[in-house]
Structures are given as structure tokens and as C-alpha cells.
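Trainee: The structure under discussion is supplied below as C-alpha cells; questions concerning it will follow.
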Amino acid sequence: MLDVKTVLCPVDFTETTSRSLPLAARVCRAAGARLVLVHDVSGTPPGFMGMRWMYQQDEHVRDEELTGEATKHLDALAAEMAQGVAVEKHVTVGPRTATILHLARTLPADLIVMGTHVSDEPDRVSTTEQVLEAAPCPVLAIRADGPAPSPAEERLFREEADLKALVPLDFSRHSEQGLASAFGLARKLSMSLHLVHVEPEKSWEDVKRAFKEGLEEHRKKRVAEAEARLKAAVPADLAGRVTWEVRLGSAGRELLSDARERGVDLVVMGVHEKDPVGKILFGATSATLLHDAPCPVWFVSERASV
């Protein structure tokens, strides 16, 4: 089974928690791991405090009161959704992303399980996006606004389930880190992998070589070279459980199409931190999959130990 001893699950007492916490508890039951819940009381008020929170903030009531309320609700959540699991609870005050990352390093966590939802502000980077790019361990993310629960969620980490995972690979260092993590999961679980590399429909190299080789011929050459690299990446002990494919088009769109067509249970991918300009110019395939994938996504940052 999974070599996971500590699972960290950030909690915000919204519908996001109702999706991420049961999944985190299932991982813990399957791996015999402890579950660490963390809630940060700064910034956005927790729903259970309502108008009282606003009044207390105006009156400068001590953080200890908010902490006490949050602790009671963490106790209730653990009793309801994490039965049979050893649970540790933390209530913090500080920037959410920094707090989660600090706790993940100091525990240390072997896995972070987080829910996410599509923001009403398209340009706003979610806490989950910030965490998954810099986490010291893999992050298992799930859409809070998807089907509840999805068939993939129901199948994940059950001993009797034969799982299917999609692994995007662009041959960068961070994508190969994701590939190594996928191979590790396949060795520990009953899981088959489908490696997917997406090439652009047209590239600058196609244009430069069009007069010598022809546009279509050079495109075929690109695809053949990528297929050879995918085949070479498969270790001998997993040869019977790994397939590969090269698709043409936009990376995010093609990966989502492949995940839906195959009905995969999990996407496993490497991610790296992008600067603001890079996100504006090129977008982020990881953000596309985080918000639109039909199943949970296992993200591995460049900083994560696999």
C-alpha cells in the first residue's frame, strides 16, 4: 500500500472541506497514516461565526476565542468524517499558504489533501494553486464543485479497485518528477498508467523546416520522436501496465479530453512555480487540470521528495 505516514488536510468549514476531508480520511485508513487537520482563523471569517465574527473583530476580541470555536468544529468534523483514523488538530493565525507550507515541512507531511473550487475572479490564484507549486510533498487536490462524490473518488485507495491514472509528460524536469511519483504509485497500488505528451499543432520548427521536409512530414517526425521518448521512459517492471500516446493541440484541452475519454481515476503530474508574467503569457496546464479535471489530481512540485 501507500508509503504515507502523515496526511495534512487544510479545513475551511465550507463545501470544500466536505469533499477533501473524507478523501484524506480514506487515504489514512488505506495507509495506516495519521490525519492532521489545520484551520487558519485569520482573513476570511469561518461560516460558523457569522456576524458574531465581524463584531468580535471590531471589538478586538482575542484570537484565543476564535481558536476555541474553530477547535470545537474541528472536533466535530473529525468525529463525523474521519472515524477510525488518528487525528491531530491545529488552529493557526497567519497567511494561509505560508502556514500550510510551514506545517507540511515541520510535521513533516507525506501528502497534503486539499479541495478547490473555481473562483468568481478568473485571475485570482487560489490557495491550493500556491500550495501545490511549492509543497515539500505531493498534493492530492479535488474539485469541490464537481459531482459529489465522483466515481473516481469512490474507487481511489480501495484495495479491490483496479485504478487508471493519466500522466502528462512534457519532458521537463518537473514533469519527470511527476512521472517518478506515478511509477511509485503504480508499484504500490493496483494501477495502470497512460502517459500523454501533447505537441502543438504547428511549431516554429515546422515553419523553418517546411521548405526542406514539408510541414506535415516534420510534424510526423516530432510525434515519432516524442513517442520514442515516452516508450523509453517506461521501466521494465511496469511494461505491462503502462501505455503512451502523443496528441496534437493545446495541452490543457487535450489532457482533459483524454482524462474524460478514458474515465481515469487519477491524474498524476509534476508542477513548478511560474512567475506572474509566465502565467499571463502561457497560462498553466496544472491550473486547468486542477479546476476542470473529472477526477482528483496528484500534484508533485519540484520541491517535493518522491
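By convention in this document, the chains of the C-alpha cells carry letters A, B, ... by their order, each chain's residues are numbered from 1, and ligands are numbered from 1 in the order they are shown.
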Taking 3 positions as the minimum chain separation for residues in the same chain, which residues sit within 8 Å of Glu88 in chain A when counting only C-alpha atoms? Answer as a short mmCIF file (atom, residue, chain, number, x, y, z; two decimals) with all heavy atoms, in the first residue's frame.

Mentor:
data_model
loop_
_atom_site.label_atom_id
_atom_site.label_comp_id
_atom_site.auth_asym_id
_atom_site.auth_seq_id
_atom_site.Cartn_x
_atom_site.Cartn_y
_atom_site.Cartn_z
N ARG A 34 -1.62 8.90 10.09
CA ARG A 34 -2.33 9.86 10.94
C ARG A 34 -2.83 11.01 10.07
O ARG A 34 -2.22 11.35 9.04
CB ARG A 34 -1.44 10.39 12.05
CG ARG A 34 -0.29 11.25 11.58
CD ARG A 34 0.41 12.00 12.69
NE ARG A 34 1.64 12.62 12.23
CZ ARG A 34 2.24 13.64 12.82
NH1 ARG A 34 1.71 14.15 13.93
NH2 ARG A 34 3.36 14.15 12.35
N LEU A 35 -3.92 11.63 10.48
CA LEU A 35 -4.51 12.74 9.75
C LEU A 35 -4.33 14.01 10.57
O LEU A 35 -4.71 14.07 11.75
CB LEU A 35 -6.00 12.47 9.52
CG LEU A 35 -6.81 13.59 8.87
CD1 LEU A 35 -6.27 13.93 7.48
CD2 LEU A 35 -8.29 13.18 8.78
N VAL A 36 -3.74 15.04 9.96
CA VAL A 36 -3.54 16.32 10.63
C VAL A 36 -4.45 17.36 9.98
O VAL A 36 -4.30 17.65 8.79
CB VAL A 36 -2.07 16.77 10.55
CG1 VAL A 36 -1.89 18.13 11.25
CG2 VAL A 36 -1.15 15.72 11.18
N LEU A 37 -5.39 17.89 10.74
CA LEU A 37 -6.29 18.93 10.25
C LEU A 37 -5.75 20.29 10.68
O LEU A 37 -5.30 20.46 11.80
CB LEU A 37 -7.70 18.74 10.83
CG LEU A 37 -8.37 17.38 10.61
CD1 LEU A 37 -9.76 17.37 11.23
CD2 LEU A 37 -8.45 17.05 9.12
#

Trainee: Quick one: residues within 6 Å of range 245-255 of chain A, only C-alpha atoms, excluding same-chain residues fewer than 3 positions away - as a ChimeraX atom specification?

Mentor: /A:196-201,258,285,288

Trainee: Let's have the selection written as an mmCIF file, in the first residue's frame, with N, CA, C and O atoms.

Mentor:
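The file below, out_20.cif, is the result:
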data_model
loop_
_atom_site.group_PDB
_atom_site.id
_atom_site.type_symbol
_atom_site.label_atom_id
_atom_site.label_comp_id
_atom_site.auth_asym_id
_atom_site.auth_seq_id
_atom_site.Cartn_x
_atom_site.Cartn_y
_atom_site.Cartn_z
ATOM 1 N N VAL A 196 0.896 10.705 -21.460
ATOM 2 C CA VAL A 196 0.432 11.556 -22.565
ATOM 3 C C VAL A 196 1.359 12.756 -22.723
ATOM 4 O O VAL A 196 1.617 13.496 -21.772
ATOM 5 N N HIS A 197 1.852 12.915 -23.942
ATOM 6 C CA HIS A 197 2.621 14.108 -24.304
ATOM 7 C C HIS A 197 1.825 14.852 -25.371
ATOM 8 O O HIS A 197 1.324 14.243 -26.315
ATOM 9 N N VAL A 198 1.696 16.163 -25.201
ATOM 10 C CA VAL A 198 0.944 16.976 -26.155
ATOM 11 C C VAL A 198 1.905 17.871 -26.926
ATOM 12 O O VAL A 198 2.647 18.658 -26.337
ATOM 13 N N GLU A 199 1.895 17.716 -28.240
ATOM 14 C CA GLU A 199 2.674 18.565 -29.135
ATOM 15 C C GLU A 199 1.743 19.623 -29.739
ATOM 16 O O GLU A 199 0.568 19.348 -29.993
ATOM 17 N N PRO A 200 2.245 20.839 -30.003
ATOM 18 C CA PRO A 200 1.408 21.842 -30.672
ATOM 19 C C PRO A 200 1.087 21.423 -32.097
ATOM 20 O O PRO A 200 1.880 20.712 -32.739
ATOM 21 N N GLU A 201 -0.061 21.853 -32.579
ATOM 22 C CA GLU A 201 -0.435 21.541 -33.971
ATOM 23 C C GLU A 201 0.634 22.021 -34.940
ATOM 24 O O GLU A 201 0.996 21.330 -35.882
ATOM 25 N N ASP A 258 -8.563 13.582 -22.894
ATOM 26 C CA ASP A 258 -8.063 12.226 -22.695
ATOM 27 C C ASP A 258 -8.548 11.658 -21.361
ATOM 28 O O ASP A 258 -8.953 10.489 -21.280
ATOM 29 N N THR A 285 -1.019 24.685 -17.334
ATOM 30 C CA THR A 285 -1.747 23.434 -17.541
ATOM 31 C C THR A 285 -2.200 22.860 -16.208
ATOM 32 O O THR A 285 -3.292 22.297 -16.100
ATOM 33 N N THR A 288 -5.444 24.399 -15.154
ATOM 34 C CA THR A 288 -6.551 23.871 -15.956
ATOM 35 C C THR A 288 -7.024 22.530 -15.412
ATOM 36 O O THR A 288 -8.225 22.294 -15.238
#

Trainee: Restricting the calculation to only C-alpha atoms, which member of A:Ser192, A:Thr97, A:Thr17, A:Ser301 is positioned closest to Ala78 in chain A?

Mentor: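 Ranking A:Ser192, A:Thr97, A:Thr17, A:Ser301 by distance to Ala78 in chain A, first place goes to A:Thr17.
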
Trainee: Run DSSP on the backbone and tell me which residues of range 92-295 of chain A come out as alpha helix (DSSP H); list them as JSON, numbers by chain.

Mentor: {"A": [96, 97, 98, 99, 100, 101, 102, 103, 104, 105, 106, 127, 128, 129, 130, 131, 132, 133, 134, 151, 152, 153, 154, 155, 173, 174, 175, 176, 177, 178, 179, 180, 181, 182, 183, 184, 185, 186, 187, 188, 204, 205, 206, 207, 208, 209, 210, 211, 212, 213, 215, 216, 217, 218, 219, 220, 221, 222, 223, 224, 225, 226, 227, 228, 229, 230, 231, 232, 233, 251, 252, 253, 254, 255, 256, 257, 258, 259, 260, 261, 262, 276, 277, 278, 279, 280, 281, 282, 285, 286, 287, 288, 289, 290, 291, 292]}

Trainee: Would you mind telling me which residue in A:Gln83, A:Thr6, A:Ser257, A:Ser190 lies nearest to Arg241 in chain A when using only C-alpha atoms?

Mentor: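 Looking only at the distances to Arg241 in chain A, the closest residue turns out to be A:Ser190.
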
Trainee: Quick one, how far is CA of Glu176 in chain A from CA of Thr128 in chain A?

Mentor: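 Straight-line distance from CA of Glu176 in chain A to CA of Thr128 in chain A works out to 21.6 Å.
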
Trainee: Separation of CA of Arg143 in chain A and CA of Cys295 in chain A, in Å?

Mentor: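 Between CA of Arg143 in chain A and CA of Cys295 in chain A the gap is 8.0 Å.
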
Trainee: Name all residues at most 12 Å from Met191 in chain A (count only C-alpha atoms; drop same-chain ones fewer than 2 positions away) and give them as a PyMOL selection string.

Mentor: chain A and resi 1+155-167+182-189+193-194+238+240-243+264-268

Trainee: Got time to write the residues from that selection, N, CA and C atoms, as an mmCIF file, in the first residue's frame?

Mentor:
data_model
loop_
_atom_site.group_PDB
_atom_site.id
_atom_site.type_symbol
_atom_site.label_atom_id
_atom_site.label_comp_id
_atom_site.auth_asym_id
_atom_site.auth_seq_id
_atom_site.Cartn_x
_atom_site.Cartn_y
_atom_site.Cartn_z
ATOM 1 N N MET A 1 0.834 -1.197 0.000
ATOM 2 C CA MET A 1 0.000 0.000 0.000
ATOM 3 C C MET A 1 0.875 1.256 0.000
ATOM 4 N N ARG A 155 -13.538 5.080 -5.911
ATOM 5 C CA ARG A 155 -12.642 3.962 -6.214
ATOM 6 C C ARG A 155 -11.247 4.134 -5.635
ATOM 7 N N LEU A 156 -10.813 5.381 -5.467
ATOM 8 C CA LEU A 156 -9.434 5.629 -5.039
ATOM 9 C C LEU A 156 -9.114 4.983 -3.694
ATOM 10 N N PHE A 157 -7.964 4.367 -3.628
ATOM 11 C CA PHE A 157 -7.390 3.818 -2.397
ATOM 12 C C PHE A 157 -8.244 2.723 -1.772
ATOM 13 N N ARG A 158 -9.013 2.024 -2.595
ATOM 14 C CA ARG A 158 -9.697 0.816 -2.137
ATOM 15 C C ARG A 158 -8.902 -0.375 -2.649
ATOM 16 N N GLU A 159 -8.632 -1.320 -1.778
ATOM 17 C CA GLU A 159 -7.734 -2.434 -2.131
ATOM 18 C C GLU A 159 -8.224 -3.224 -3.330
ATOM 19 N N GLU A 160 -9.552 -3.332 -3.482
ATOM 20 C CA GLU A 160 -10.073 -4.168 -4.559
ATOM 21 C C GLU A 160 -10.142 -3.445 -5.896
ATOM 22 N N ALA A 161 -9.873 -2.130 -5.917
ATOM 23 C CA ALA A 161 -10.046 -1.346 -7.135
ATOM 24 C C ALA A 161 -8.837 -1.455 -8.055
ATOM 25 N N ASP A 162 -9.095 -1.645 -9.362
ATOM 26 C CA ASP A 162 -8.058 -1.552 -10.386
ATOM 27 C C ASP A 162 -8.123 -0.142 -10.953
ATOM 28 N N LEU A 163 -7.151 0.670 -10.631
ATOM 29 C CA LEU A 163 -7.194 2.094 -10.947
ATOM 30 C C LEU A 163 -6.514 2.415 -12.271
ATOM 31 N N LYS A 164 -6.973 3.525 -12.877
ATOM 32 C CA LYS A 164 -6.367 4.036 -14.107
ATOM 33 C C LYS A 164 -5.907 5.464 -13.858
ATOM 34 N N ALA A 165 -4.663 5.758 -14.200
ATOM 35 C CA ALA A 165 -4.127 7.100 -13.992
ATOM 36 C C ALA A 165 -3.584 7.669 -15.300
ATOM 37 N N LEU A 166 -3.799 8.946 -15.472
ATOM 38 C CA LEU A 166 -3.256 9.684 -16.614
ATOM 39 C C LEU A 166 -2.036 10.470 -16.136
ATOM 40 N N VAL A 167 -0.942 10.409 -16.905
ATOM 41 C CA VAL A 167 0.296 11.084 -16.506
ATOM 42 C C VAL A 167 0.752 12.011 -17.635
ATOM 43 N N ALA A 182 4.351 8.783 -10.246
ATOM 44 C CA ALA A 182 3.345 7.891 -10.827
ATOM 45 C C ALA A 182 3.824 6.446 -10.842
ATOM 46 N N PHE A 183 5.098 6.237 -11.195
ATOM 47 C CA PHE A 183 5.650 4.884 -11.171
ATOM 48 C C PHE A 183 5.616 4.316 -9.752
ATOM 49 N N GLY A 184 5.923 5.162 -8.767
ATOM 50 C CA GLY A 184 5.874 4.711 -7.376
ATOM 51 C C GLY A 184 4.469 4.300 -6.961
ATOM 52 N N LEU A 185 3.468 5.080 -7.368
ATOM 53 C CA LEU A 185 2.079 4.736 -7.050
ATOM 54 C C LEU A 185 1.671 3.434 -7.732
ATOM 55 N N ALA A 186 2.084 3.267 -8.990
ATOM 56 C CA ALA A 186 1.720 2.058 -9.729
ATOM 57 C C ALA A 186 2.310 0.814 -9.081
ATOM 58 N N ARG A 187 3.485 0.944 -8.498
ATOM 59 C CA ARG A 187 4.122 -0.204 -7.846
ATOM 60 C C ARG A 187 3.443 -0.563 -6.525
ATOM 61 N N LYS A 188 2.825 0.428 -5.891
ATOM 62 C CA LYS A 188 2.215 0.179 -4.581
ATOM 63 C C LYS A 188 0.722 -0.116 -4.673
ATOM 64 N N LEU A 189 0.079 0.329 -5.751
ATOM 65 C CA LEU A 189 -1.361 0.138 -5.914
ATOM 66 C C LEU A 189 -1.627 -0.705 -7.152
ATOM 67 N N LEU A 193 -1.041 2.964 -15.917
ATOM 68 C CA LEU A 193 -0.709 4.345 -16.256
ATOM 69 C C LEU A 193 -0.815 4.572 -17.757
ATOM 70 N N HIS A 194 -1.294 5.745 -18.122
ATOM 71 C CA HIS A 194 -1.299 6.157 -19.525
ATOM 72 C C HIS A 194 -0.537 7.469 -19.622
ATOM 73 N N LEU A 238 7.240 -2.345 -15.125
ATOM 74 C CA LEU A 238 5.885 -1.827 -15.313
ATOM 75 C C LEU A 238 5.435 -1.889 -16.772
ATOM 76 N N GLY A 240 3.990 -3.949 -18.652
ATOM 77 C CA GLY A 240 2.655 -4.449 -18.969
ATOM 78 C C GLY A 240 1.519 -3.560 -18.484
ATOM 79 N N ARG A 241 1.852 -2.534 -17.699
ATOM 80 C CA ARG A 241 0.801 -1.690 -17.120
ATOM 81 C C ARG A 241 0.897 -0.233 -17.550
ATOM 82 N N VAL A 242 1.776 0.055 -18.514
ATOM 83 C CA VAL A 242 1.947 1.443 -18.955
ATOM 84 C C VAL A 242 1.749 1.541 -20.462
ATOM 85 N N THR A 243 0.891 2.451 -20.873
ATOM 86 C CA THR A 243 0.703 2.766 -22.291
ATOM 87 C C THR A 243 1.088 4.224 -22.499
ATOM 88 N N VAL A 264 -10.426 8.069 -16.337
ATOM 89 C CA VAL A 264 -9.350 7.782 -15.386
ATOM 90 C C VAL A 264 -9.785 8.131 -13.960
ATOM 91 N N ASP A 265 -9.149 7.477 -13.005
ATOM 92 C CA ASP A 265 -9.445 7.698 -11.587
ATOM 93 C C ASP A 265 -8.557 8.772 -10.974
ATOM 94 N N LEU A 266 -7.430 9.047 -11.635
ATOM 95 C CA LEU A 266 -6.450 9.962 -11.053
ATOM 96 C C LEU A 266 -5.589 10.534 -12.170
ATOM 97 N N VAL A 267 -5.212 11.811 -12.025
ATOM 98 C CA VAL A 267 -4.175 12.411 -12.871
ATOM 99 C C VAL A 267 -2.970 12.637 -11.974
ATOM 100 N N VAL A 268 -1.789 12.252 -12.444
ATOM 101 C CA VAL A 268 -0.556 12.450 -11.679
ATOM 102 C C VAL A 268 0.367 13.333 -12.512
#

Trainee: Might you pull out every residue within 10 Å of Gly94 in chain A, with only C-alpha atoms counted and same-chain residues fewer than 5 positions away left off, and present them as a PyMOL selection string?

Mentor: chain A and resi 40-43+99-100

Trainee: Would you work out the distance separating CA of Met81 in chain A from CA of Arg260 in chain A, expressed in Å to one decimal?

Mentor: 28.6 Å

Trainee: Quick one: everything within 9 Å of Glu227 in chain A, counting only C-alpha atoms, minus sequence neighbours fewer than 2 positions away in the same chain. Send it as a PyMOL selection string.

Mentor: chain A and resi 197+222-225+229-232+244-246

Trainee: With distances taken over only C-alpha atoms, which of A:His117, A:Met269, A:Ser126, A:Arg219 is nearest to Asp145 in chain A?

Mentor: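 Using only C-alpha atoms, the shortest distance to Asp145 in chain A belongs to A:His117.
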
Trainee: Of the residues A:Ala304, A:Val87, A:Leu195, A:Cys9, which is the one nearest to Ala259 in chain A, using only C-alpha atoms?

Mentor: A:Leu195

Trainee: Report as a short mmCIF file (atom, residue, chain, number, x, y, z; two decimals) with N, CA, C and O atoms, in the first residue's frame all protein, DNA and RNA residues lying within 12 Å of Lys72 in chain A, evaluated on only C-alpha atoms, omitting residues in the same chain fewer than 6 positions from it.

Mentor:
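Here's the written file result-v8.cif:
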data_model
loop_
_atom_site.label_atom_id
_atom_site.label_comp_id
_atom_site.auth_asym_id
_atom_site.auth_seq_id
_atom_site.Cartn_x
_atom_site.Cartn_y
_atom_site.Cartn_z
N PHE A 13 -14.19 24.73 6.67
CA PHE A 13 -15.58 24.59 7.11
C PHE A 13 -16.60 24.96 6.02
O PHE A 13 -17.72 25.37 6.32
N HIS A 39 -6.76 24.55 10.48
CA HIS A 39 -7.66 25.64 10.10
C HIS A 39 -7.03 26.95 10.53
O HIS A 39 -6.53 27.08 11.66
N PHE A 48 -19.25 29.46 10.50
CA PHE A 48 -20.00 29.21 11.72
C PHE A 48 -19.99 30.41 12.67
O PHE A 48 -20.76 30.48 13.61
N GLU A 65 -10.33 33.25 21.37
CA GLU A 65 -11.76 32.92 21.25
C GLU A 65 -12.06 32.27 19.91
O GLU A 65 -12.79 31.29 19.82
N LEU A 66 -11.51 32.86 18.85
CA LEU A 66 -11.71 32.28 17.52
C LEU A 66 -11.09 30.88 17.47
O LEU A 66 -11.66 29.95 16.88
N ALA A 78 -13.95 15.84 12.71
CA ALA A 78 -13.17 14.61 12.83
C ALA A 78 -14.06 13.45 13.25
O ALA A 78 -13.94 12.33 12.74
N ALA A 79 -14.98 13.71 14.18
CA ALA A 79 -15.88 12.65 14.65
C ALA A 79 -16.83 12.21 13.55
O ALA A 79 -17.19 11.03 13.45
N LYS A 89 -5.11 17.99 15.49
CA LYS A 89 -5.75 19.23 15.05
C LYS A 89 -4.88 20.44 15.37
O LYS A 89 -4.31 20.53 16.45
N HIS A 90 -4.82 21.37 14.40
CA HIS A 90 -4.08 22.61 14.58
C HIS A 90 -4.96 23.78 14.15
O HIS A 90 -5.58 23.73 13.08
N VAL A 91 -5.01 24.84 14.97
CA VAL A 91 -5.66 26.08 14.59
C VAL A 91 -4.58 27.15 14.57
O VAL A 91 -3.84 27.33 15.54
#

Trainee: Mind checking which residues fall within 7 Å of Phe299 in chain A, counting only C-alpha atoms, ignoring those fewer than 4 positions away in the same chain, and posting them as an MDAnalysis selection string?

Mentor: chainID A and resid 132 138:140 268:271

Trainee: How would the residues just chosen look if you wrote them out with C-alpha atoms as a JSON list (two decimals), in the first residue's frame?

Mentor:
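Produced file out_24.json, reproduced below:
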[["chain", "number", "residue", "atom", "x", "y", "z"],
["A", 132, "LEU", "CA", 0.80, 22.73, -4.88],
["A", 138, "PRO", "CA", 2.69, 15.60, -3.14],
["A", 139, "VAL", "CA", -0.67, 17.40, -3.08],
["A", 140, "LEU", "CA", -3.87, 15.46, -3.80],
["A", 268, "VAL", "CA", -0.56, 12.45, -11.68],
["A", 269, "MET", "CA", 1.56, 15.40, -12.78],
["A", 270, "GLY", "CA", 4.62, 17.42, -11.89],
["A", 271, "VAL", "CA", 4.36, 21.18, -11.41]]

Trainee: Select, from A:Asp170, A:Asp12, A:Glu216, A:Glu154, the residue with the minimum atom-to-atom distance to Thr127 in chain A, counting only C-alpha atoms.

Mentor: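 Under the stated criterion, the closest residue is A:Asp12.
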
Trainee: Pick from A:Arg262, A:Ser286, A:Val38, A:Ala30: nearest to Pro10 in chain A, with only C-alpha atoms counted?

Mentor: A:Val38

Trainee: In range 135-258 of chain A, what's strand (DSSP E or B) per DSSP? Answer as a ChimeraX atom specification?

Mentor: /A:139-143,163-168,191-199,242-248
